[in-house]
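Okay, target_31.pdb is below, PDB, C-alpha atoms and all ligand atoms:
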```pdb
ATOM      1  CA  MET H   1    -111.573-168.405-145.127  1.00  0.00           C
ATOM      2  CA  ILE H   2    -110.467-165.849-147.638  1.00  0.00           C
ATOM      3  CA  TYR H   3    -113.202-163.432-148.385  1.00  0.00           C
ATOM      4  CA  LYS H   4    -113.256-162.507-152.024  1.00  0.00           C
ATOM      5  CA  THR H   5    -115.191-159.557-153.277  1.00  0.00           C
ATOM      6  CA  THR H   6    -116.983-160.529-156.383  1.00  0.00           C
ATOM      7  CA  GLU H   7    -118.718-158.324-158.867  1.00  0.00           C
ATOM      8  CA  LYS H   8    -121.994-159.676-157.427  1.00  0.00           C
ATOM      9  CA  HIS H   9    -121.065-158.403-153.948  1.00  0.00           C
ATOM     10  CA  ARG H  10    -120.079-155.059-155.269  1.00  0.00           C
ATOM     11  CA  GLN H  11    -123.284-154.783-157.230  1.00  0.00           C
ATOM     12  CA  ARG H  12    -125.277-155.638-154.092  1.00  0.00           C
ATOM     13  CA  SER H  13    -123.557-153.078-151.952  1.00  0.00           C
ATOM     14  CA  ARG H  14    -123.999-150.443-154.641  1.00  0.00           C
ATOM     15  CA  GLU H  15    -127.714-151.186-154.660  1.00  0.00           C
ATOM     16  CA  TRP H  16    -127.864-151.063-150.899  1.00  0.00           C
ATOM     17  CA  ALA H  17    -126.032-147.727-150.867  1.00  0.00           C
ATOM     18  CA  ALA H  18    -128.341-146.297-153.508  1.00  0.00           C
ATOM     19  CA  SER H  19    -131.426-147.144-151.475  1.00  0.00           C
ATOM     20  CA  HIS H  20    -129.986-146.002-148.092  1.00  0.00           C
ATOM     21  CA  PRO H  21    -128.419-142.623-148.812  1.00  0.00           C
ATOM     22  CA  GLU H  22    -128.941-141.320-145.272  1.00  0.00           C
ATOM     23  CA  GLN H  23    -127.260-144.316-143.731  1.00  0.00           C
ATOM     24  CA  VAL H  24    -124.370-144.095-146.155  1.00  0.00           C
ATOM     25  CA  LYS H  25    -123.920-140.475-145.214  1.00  0.00           C
ATOM     26  CA  ALA H  26    -124.045-141.273-141.496  1.00  0.00           C
ATOM     27  CA  ASN H  27    -121.531-144.083-141.896  1.00  0.00           C
ATOM     28  CA  ARG H  28    -119.195-141.886-143.835  1.00  0.00           C
ATOM     29  CA  LYS H  29    -119.485-139.196-141.209  1.00  0.00           C
ATOM     30  CA  ARG H  30    -118.786-141.663-138.404  1.00  0.00           C
ATOM     31  CA  ARG H  31    -115.796-143.095-140.218  1.00  0.00           C
ATOM     32  CA  TYR H  32    -114.482-139.614-140.844  1.00  0.00           C
ATOM     33  CA  ALA H  33    -114.922-138.566-137.196  1.00  0.00           C
ATOM     34  CA  LYS H  34    -113.069-141.690-136.076  1.00  0.00           C
ATOM     35  CA  ASN H  35    -110.162-141.144-138.449  1.00  0.00           C
ATOM     36  CA  ARG H  36    -110.253-137.406-138.661  1.00  0.00           C
ATOM     37  CA  GLU H  37    -106.543-136.822-138.150  1.00  0.00           C
ATOM     38  CA  SER H  38    -105.382-139.335-140.701  1.00  0.00           C
ATOM     39  CA  ALA H  39    -108.120-138.307-143.136  1.00  0.00           C
ATOM     40  CA  ILE H  40    -106.929-134.709-143.006  1.00  0.00           C
ATOM     41  CA  GLU H  41    -103.339-135.818-143.370  1.00  0.00           C
ATOM     42  CA  TYR H  42    -104.218-138.027-146.322  1.00  0.00           C
ATOM     43  CA  ASN H  43    -106.247-135.288-147.993  1.00  0.00           C
ATOM     44  CA  THR H  44    -103.508-132.716-147.512  1.00  0.00           C
ATOM     45  CA  GLN H  45    -100.913-135.047-148.926  1.00  0.00           C
ATOM     46  CA  TYR H  46    -103.137-135.965-151.857  1.00  0.00           C
ATOM     47  CA  TYR H  47    -103.791-132.297-152.517  1.00  0.00           C
ATOM     48  CA  ASN H  48    -100.104-131.402-152.454  1.00  0.00           C
ATOM     49  CA  GLU H  49     -99.241-134.194-154.849  1.00  0.00           C
ATOM     50  CA  HIS H  50    -102.098-133.544-157.278  1.00  0.00           C
ATOM     51  CA  LYS H  51    -102.633-129.844-156.887  1.00  0.00           C
ATOM     52  CA  GLU H  52    -103.445-129.085-160.516  1.00  0.00           C
ATOM     53  CA  LYS H  53    -105.770-132.030-160.883  1.00  0.00           C
ATOM     54  CA  VAL H  54    -107.666-131.141-157.706  1.00  0.00           C
ATOM     55  CA  GLN H  55    -107.955-127.490-158.641  1.00  0.00           C
ATOM     56  CA  ALA H  56    -109.178-128.318-162.141  1.00  0.00           C
ATOM     57  CA  TYR H  57    -111.692-130.737-160.699  1.00  0.00           C
ATOM     58  CA  LYS H  58    -112.906-128.174-158.188  1.00  0.00           C
ATOM     59  CA  ALA H  59    -113.226-125.486-160.858  1.00  0.00           C
ATOM     60  CA  GLN H  60    -115.179-127.860-163.073  1.00  0.00           C
ATOM     61  CA  TYR H  61    -117.382-128.922-160.183  1.00  0.00           C
ATOM     62  CA  TYR H  62    -118.065-125.315-159.299  1.00  0.00           C
ATOM     63  CA  LEU H  63    -119.002-124.498-162.886  1.00  0.00           C
ATOM     64  CA  GLU H  64    -121.459-127.376-162.971  1.00  0.00           C
ATOM     65  CA  HIS H  65    -122.980-126.687-159.549  1.00  0.00           C
ATOM     66  CA  ARG H  66    -122.684-122.944-159.356  1.00  0.00           C
ATOM     67  CA  GLU H  67    -126.081-122.166-157.884  1.00  0.00           C
ATOM     68  CA  GLN H  68    -125.918-124.990-155.402  1.00  0.00           C
ATOM     69  CA  GLU H  69    -122.424-123.958-154.299  1.00  0.00           C
ATOM     70  CA  ARG H  70    -123.450-120.337-153.908  1.00  0.00           C
ATOM     71  CA  THR H  71    -126.384-121.312-151.739  1.00  0.00           C
ATOM     72  CA  ARG H  72    -124.154-123.558-149.688  1.00  0.00           C
ATOM     73  CA  ALA H  73    -121.552-120.815-149.237  1.00  0.00           C
ATOM     74  CA  ALA H  74    -124.225-118.300-148.247  1.00  0.00           C
ATOM     75  CA  ALA H  75    -125.648-120.750-145.709  1.00  0.00           C
ATOM     76  CA  TRP H  76    -122.178-121.304-144.278  1.00  0.00           C
ATOM     77  CA  VAL H  77    -121.621-117.543-143.940  1.00  0.00           C
ATOM     78  CA  ASP H  78    -124.992-117.215-142.178  1.00  0.00           C
ATOM     79  CA  LYS H  79    -124.046-119.941-139.771  1.00  0.00           C
ATOM     80  CA  HIS H  80    -120.500-118.684-139.071  1.00  0.00           C
ATOM     81  CA  PRO H  81    -120.595-114.894-139.450  1.00  0.00           C
ATOM     82  CA  ASP H  82    -117.524-114.268-137.281  1.00  0.00           C
ATOM     83  CA  LEU H  83    -115.378-116.848-139.006  1.00  0.00           C
ATOM     84  CA  ALA H  84    -116.541-115.618-142.395  1.00  0.00           C
ATOM     85  CA  LYS H  85    -115.632-112.059-141.501  1.00  0.00           C
ATOM     86  CA  ALA H  86    -112.214-113.151-140.230  1.00  0.00           C
ATOM     87  CA  TYR H  87    -111.523-115.111-143.432  1.00  0.00           C
ATOM     88  CA  GLN H  88    -112.634-112.231-145.555  1.00  0.00           C
ATOM     89  CA  ASP H  89    -110.498-109.739-143.653  1.00  0.00           C
ATOM     90  CA  ARG H  90    -107.465-111.974-143.937  1.00  0.00           C
ATOM     91  CA  TYR H  91    -108.079-112.506-147.635  1.00  0.00           C
ATOM     92  CA  GLN H  92    -108.430-108.764-148.216  1.00  0.00           C
ATOM     93  CA  ILE H  93    -105.158-108.065-146.449  1.00  0.00           C
ATOM     94  CA  GLU H  94    -103.227-110.872-148.121  1.00  0.00           C
ATOM     95  CA  HIS H  95    -104.479-110.019-151.604  1.00  0.00           C
ATOM     96  CA  ARG H  96    -104.510-106.268-151.290  1.00  0.00           C
ATOM     97  CA  ASP H  97    -102.048-105.516-154.095  1.00  0.00           C
ATOM     98  CA  GLU H  98    -103.789-107.897-156.465  1.00  0.00           C
ATOM     99  CA  ARG H  99    -107.149-106.394-155.640  1.00  0.00           C
ATOM    100  CA  LEU H 100    -105.981-102.828-156.131  1.00  0.00           C
ATOM    101  CA  ALA H 101    -104.267-103.679-159.421  1.00  0.00           C
ATOM    102  CA  LYS H 102    -107.466-105.301-160.675  1.00  0.00           C
ATOM    103  CA  ALA H 103    -109.535-102.321-159.557  1.00  0.00           C
ATOM    104  CA  ALA H 104    -107.127 -99.888-161.248  1.00  0.00           C
ATOM    105  CA  LYS H 105    -107.323-101.902-164.472  1.00  0.00           C
ATOM    106  CA  ARG H 106    -111.104-101.979-164.348  1.00  0.00           C
ATOM    107  CA  TYR H 107    -111.188 -98.268-163.742  1.00  0.00           C
ATOM    108  CA  ALA H 108    -108.787 -97.552-166.630  1.00  0.00           C
ATOM    109  CA  GLU H 109    -110.904 -99.660-168.981  1.00  0.00           C
ATOM    110  CA  HIS H 110    -114.399 -98.601-167.906  1.00  0.00           C
ATOM    111  CA  PRO H 111    -114.152 -95.399-165.846  1.00  0.00           C
ATOM    112  CA  GLU H 112    -117.804 -94.398-166.206  1.00  0.00           C
ATOM    113  CA  GLU H 113    -119.104 -97.803-165.271  1.00  0.00           C
ATOM    114  CA  VAL H 114    -116.895 -97.941-162.185  1.00  0.00           C
ATOM    115  CA  LYS H 115    -117.853 -94.428-161.098  1.00  0.00           C
ATOM    116  CA  GLU H 116    -121.517 -95.287-161.456  1.00  0.00           C
ATOM    117  CA  ARG H 117    -121.081 -98.451-159.420  1.00  0.00           C
ATOM    118  CA  VAL H 118    -119.289 -96.535-156.687  1.00  0.00           C
ATOM    119  CA  ARG H 119    -122.101 -93.962-156.625  1.00  0.00           C
ATOM    120  CA  GLN H 120    -124.674 -96.724-156.353  1.00  0.00           C
ATOM    121  CA  TRP H 121    -122.726 -98.408-153.585  1.00  0.00           C
ATOM    122  CA  GLN H 122    -122.359 -95.156-151.664  1.00  0.00           C
ATOM    123  CA  LYS H 123    -126.059 -94.497-152.031  1.00  0.00           C
ATOM    124  CA  ALA H 124    -126.905 -97.937-150.745  1.00  0.00           C
ATOM    125  CA  HIS H 125    -124.430 -97.773-147.823  1.00  0.00           C
ATOM    126  CA  PRO H 126    -124.578 -94.231-146.436  1.00  0.00           C
ATOM    127  CA  GLU H 127    -123.701 -95.490-142.967  1.00  0.00           C
ATOM    128  CA  MET H 128    -120.465 -97.043-144.257  1.00  0.00           C
ATOM    129  CA  VAL H 129    -119.558 -93.888-146.140  1.00  0.00           C
ATOM    130  CA  ARG H 130    -120.106 -91.900-142.951  1.00  0.00           C
ATOM    131  CA  ALA H 131    -118.063 -94.394-140.942  1.00  0.00           C
ATOM    132  CA  ASN H 132    -115.177 -94.093-143.398  1.00  0.00           C
ATOM    133  CA  VAL H 133    -115.231 -90.312-143.308  1.00  0.00           C
ATOM    134  CA  LYS H 134    -115.357 -90.436-139.549  1.00  0.00           C
ATOM    135  CA  ARG H 135    -112.472 -92.881-139.375  1.00  0.00           C
ATOM    136  CA  ARG H 136    -110.327 -90.711-141.650  1.00  0.00           C
ATOM    137  CA  LYS H 137    -111.172 -87.640-139.602  1.00  0.00           C
ATOM    138  CA  ALA H 138    -110.299 -89.402-136.374  1.00  0.00           C
ATOM    139  CA  LEU H 139    -107.007 -90.581-137.852  1.00  0.00           C
ATOM    140  CA  LYS H 140    -106.129 -87.045-138.880  1.00  0.00           C
ATOM    141  CA  ARG H 141    -107.173 -85.622-135.549  1.00  0.00           C
ATOM    142  CA  ASN H 142    -105.201 -88.195-133.597  1.00  0.00           C
ATOM    143  CA  ALA H 143    -102.068 -87.988-135.729  1.00  0.00           C
ATOM    144  CA  ILE H 144     -98.893 -87.188-133.796  1.00  0.00           C
ATOM    145  CA  ILE H 145     -98.893 -83.812-135.517  1.00  0.00           C
ATOM    146  CA  SER H 146    -102.130 -82.625-137.067  1.00  0.00           C
ATOM    147  CA  ASP H 147    -101.758 -79.029-138.165  1.00  0.00           C
ATOM    148  CA  LEU H 148    -102.309 -78.946-141.929  1.00  0.00           C
ATOM    149  CA  THR H 149    -104.465 -75.895-142.674  1.00  0.00           C
ATOM    150  CA  ALA H 150    -106.786 -75.526-145.645  1.00  0.00           C
ATOM    151  CA  ALA H 151    -104.635 -72.662-146.943  1.00  0.00           C
ATOM    152  CA  GLN H 152    -101.460 -74.734-146.738  1.00  0.00           C
ATOM    153  CA  TRP H 153    -103.169 -77.550-148.598  1.00  0.00           C
ATOM    154  CA  GLN H 154    -104.313 -75.222-151.381  1.00  0.00           C
ATOM    155  CA  GLU H 155    -100.765 -73.911-151.735  1.00  0.00           C
ATOM    156  CA  CYS H 156     -99.372 -77.415-151.788  1.00  0.00           C
ATOM    157  CA  VAL H 157    -101.734 -78.491-154.589  1.00  0.00           C
ATOM    158  CA  ALA H 158    -100.812 -75.352-156.556  1.00  0.00           C
ATOM    159  CA  GLU H 159     -97.132 -76.147-156.067  1.00  0.00           C
ATOM    160  CA  PHE H 160     -97.719 -79.471-157.786  1.00  0.00           C
ATOM    161  CA  ASN H 161     -99.504 -77.649-160.642  1.00  0.00           C
ATOM    162  CA  TYR H 162    -102.765 -79.369-159.740  1.00  0.00           C
ATOM    163  CA  CYS H 163    -101.282 -82.685-160.817  1.00  0.00           C
ATOM    164  CA  CYS H 164    -100.940 -86.035-159.111  1.00  0.00           C
ATOM    165  CA  ALA H 165     -97.538 -86.149-157.413  1.00  0.00           C
ATOM    166  CA  TYR H 166     -97.080 -89.741-158.571  1.00  0.00           C
ATOM    167  CA  CYS H 167     -98.377 -90.097-162.119  1.00  0.00           C
ATOM    168  CA  LEU H 168     -98.433 -86.344-162.964  1.00  0.00           C
ATOM    169  CA  THR H 169    -101.982 -86.542-164.324  1.00  0.00           C
ATOM    170  CA  PRO H 170    -103.872 -83.249-164.033  1.00  0.00           C
ATOM    171  CA  LEU H 171    -106.352 -83.621-161.194  1.00  0.00           C
ATOM    172  CA  ASP H 172    -110.135 -83.213-161.261  1.00  0.00           C
ATOM    173  CA  ILE H 173    -110.478 -84.754-157.872  1.00  0.00           C
ATOM    174  CA  VAL H 174    -107.565 -84.187-155.515  1.00  0.00           C
ATOM    175  CA  THR H 175    -106.913 -86.545-152.653  1.00  0.00           C
ATOM    176  CA  GLN H 176    -104.446 -86.022-149.856  1.00  0.00           C
ATOM    177  CA  ASP H 177    -101.775 -88.659-149.835  1.00  0.00           C
ATOM    178  CA  HIS H 178     -99.909 -89.056-146.588  1.00  0.00           C
ATOM    179  CA  MET H 179     -96.391 -90.075-147.609  1.00  0.00           C
ATOM    180  CA  THR H 180     -96.118 -91.911-144.322  1.00  0.00           C
ATOM    181  CA  PRO H 181     -99.703 -93.081-143.891  1.00  0.00           C
ATOM    182  CA  LEU H 182    -101.734 -91.992-140.897  1.00  0.00           C
ATOM    183  CA  VAL H 183    -102.237 -95.619-139.918  1.00  0.00           C
ATOM    184  CA  ARG H 184     -98.472 -95.956-139.749  1.00  0.00           C
ATOM    185  CA  ASP H 185     -98.110 -92.998-137.433  1.00  0.00           C
ATOM    186  CA  GLY H 186     -97.609 -90.452-140.191  1.00  0.00           C
ATOM    187  CA  ALA H 187     -98.404 -86.853-139.359  1.00  0.00           C
ATOM    188  CA  HIS H 188    -101.208 -84.805-140.852  1.00  0.00           C
ATOM    189  CA  THR H 189     -98.901 -81.911-141.573  1.00  0.00           C
ATOM    190  CA  LEU H 190     -97.581 -80.021-144.572  1.00  0.00           C
ATOM    191  CA  ASN H 191     -94.383 -81.976-145.129  1.00  0.00           C
ATOM    192  CA  ASN H 192     -96.147 -85.334-145.049  1.00  0.00           C
ATOM    193  CA  VAL H 193     -99.032 -84.566-147.395  1.00  0.00           C
ATOM    194  CA  ILE H 194     -98.989 -84.399-151.180  1.00  0.00           C
ATOM    195  CA  PRO H 195    -101.746 -84.338-153.795  1.00  0.00           C
ATOM    196  CA  ALA H 196    -102.509 -87.595-155.555  1.00  0.00           C
ATOM    197  CA  CYS H 197    -105.094 -88.914-157.936  1.00  0.00           C
ATOM    198  CA  ARG H 198    -107.497 -91.447-156.481  1.00  0.00           C
ATOM    199  CA  SER H 199    -105.914 -94.297-158.400  1.00  0.00           C
ATOM    200  CA  CYS H 200    -102.365 -93.627-157.127  1.00  0.00           C
ATOM    201  CA  ASN H 201    -103.579 -92.932-153.626  1.00  0.00           C
ATOM    202  CA  GLY H 202    -105.503 -96.195-153.663  1.00  0.00           C
ATOM    203  CA  LYS H 203    -102.558 -98.131-155.068  1.00  0.00           C
ATOM    204  CA  LYS H 204    -100.224 -96.695-152.474  1.00  0.00           C
ATOM    205  CA  GLY H 205    -102.681 -97.573-149.729  1.00  0.00           C
ATOM    206  CA  THR H 206    -100.991 -97.980-146.385  1.00  0.00           C
ATOM    207  CA  LYS H 207     -97.492 -98.171-147.818  1.00  0.00           C
ATOM    208  CA  THR H 208     -94.848 -95.569-147.169  1.00  0.00           C
ATOM    209  CA  LEU H 209     -92.881 -93.853-149.924  1.00  0.00           C
ATOM    210  CA  LEU H 210     -89.960 -96.168-149.281  1.00  0.00           C
ATOM    211  CA  ASP H 211     -92.200 -99.190-149.722  1.00  0.00           C
ATOM    212  CA  ILE H 212     -93.231 -98.175-153.208  1.00  0.00           C
ATOM    213  CA  VAL H 213     -90.016 -96.821-154.698  1.00  0.00           C
ATOM    214  CA  GLY H 214     -89.173 -98.933-157.722  1.00  0.00           C
ATOM    215  CA  ARG H 215     -92.517-100.703-157.804  1.00  0.00           C
ATOM    216  CA  GLU H 216     -94.356-101.066-161.063  1.00  0.00           C
ATOM    217  CA  GLY H 217     -96.601 -98.105-161.700  1.00  0.00           C
ATOM    218  CA  PHE H 218     -94.697 -95.958-159.246  1.00  0.00           C
ATOM    219  CA  ILE H 219     -91.605 -93.791-159.191  1.00  0.00           C
TER     220      ILE H 219
HETATM  221 ZN    ZN A 301    -101.789 -90.539-159.968  1.00  0.00          ZN
END
```
Would you mind writing the structure in this file as structure tokens?
Ligand SMILES: [Zn+2]
Amino acid sequence: MIYKTTEKHRQRSREWAASHPEQVKANRKRRYAKNRESAIEYNTQYYNEHKEKVQAYKAQYYLEHREQERTRAAAWVDKHPDLAKAYQDRYQIEHRDERLAKAAKRYAEHPEEVKERVRQWQKAHPEMVRANVKRRKALKRNAIISDLTAAQWQECVAEFNYCCAYCLTPLDIVTQDHMTPLVRDGAHTLNNVIPACRSCNGKKGTKTLLDIVGREGFI
């Protein structure tokens, strides 16, 4: 016998589904678990073929369910703190340039606002500020050569006319830029340290001079 789905059948199953949401959910879950591999494959393929549509749909969905999605995300982070941290770390590393460019733009447009936010953040996270200072100190101390004296540093800044070595802006706040960064085995010594403004130092990050030559916003 050929089974034909009629509108009546469909209507009935819709009604059944509407009055048994838990069961529908459980069924869906079971079906998914049983066909997990092919479901993932199907979803991936669908996504690749309809990327824009899926992204637009997701963005729209997020807009319409913002609060709910935020709560859900927060609950997920609570439940998987290690995974969340790993994702976040990876994201930060992979999008570092983007992030710094955005931060630099924000700072250029609203310097006072940004400074105030940083102050607030530092006030609220003294332990992280201390940890950062400590980490920088340890890096300097453990550098292959670590012999930059305060006097040498003063002379060096004077040699650059109290300007950022990269963008030549006169400096209110001088930061030490390690041309070969400490984290990349650079030395904390006179011929590896130059004065830089916070923006350039931040943009350069853990890159070496060679990495940044010719890059937008740099030499
Ligand atoms: Zn600069």
Cut-off 6 Å: closest chain H/ligand ZN 301 (chain A) atom pairs per residue, using all atoms listed in the file, as JSON lines:
```
{"residue": "H:Cys164", "atom": "CA", "partner": "A:ZN301", "partner_atom": "ZN", "distance": 4.7}
{"residue": "H:Tyr166", "atom": "CA", "partner": "A:ZN301", "partner_atom": "ZN", "distance": 5.0}
{"residue": "H:Cys167", "atom": "CA", "partner": "A:ZN301", "partner_atom": "ZN", "distance": 4.1}
{"residue": "H:Thr169", "atom": "CA", "partner": "A:ZN301", "partner_atom": "ZN", "distance": 5.9}
{"residue": "H:Ala196", "atom": "CA", "partner": "A:ZN301", "partner_atom": "ZN", "distance": 5.4}
{"residue": "H:Cys197", "atom": "CA", "partner": "A:ZN301", "partner_atom": "ZN", "distance": 4.2}
{"residue": "H:Ser199", "atom": "CA", "partner": "A:ZN301", "partner_atom": "ZN", "distance": 5.8}
{"residue": "H:Cys200", "atom": "CA", "partner": "A:ZN301", "partner_atom": "ZN", "distance": 4.2}
```
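Atom to atom, CA of Arg117 in chain H and CA of Arg72 in chain H stand 27.1 Å apart.
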Answer as number ranges by chain, residues within 8 Å of (-98.8, -83.0, -136.6) using all atoms listed in the file
H: 143-148, 187-189
Please report the interatomic distance between CA of Ala150 in chain H and CA of Pro126 in chain H in Å with one decimal.
25.8 Å
Point-to-point distance in Å for CA of Asn35 in chain H and CA of Arg12 in chain H:
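Result for CA of Arg12 in chain H versus CA of Asn35 in chain H: 26.1 Å, one decimal.
The residues returned by the PyMOL selection byres (((chain H and resi 205-212) around 8) and not hetatm) for this structure are Met179, Thr180, Pro181, Val183, Arg184, Asn201, Gly202, Lys203, Lys204, Val213, Gly214, Arg215, Phe218 and Ile219 of chain H.
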Draw an axis-aligned box over all listed atoms of range 153-160 of chain H, pad each side with 6 Å, and write its centre and edge lengths in Å, one decimal, as AutoDock Vina command-line options.
```
--center_x -100.7 --center_y -76.7 --center_z -153.2 --size_x 19.2 --size_y 17.6 --size_z 21.2
```
Between H:Cys156, H:Leu168, H:Val24, H:Val77, single out the one closest to Asn191 in chain H, counting all atoms listed in the file.
H:Cys156
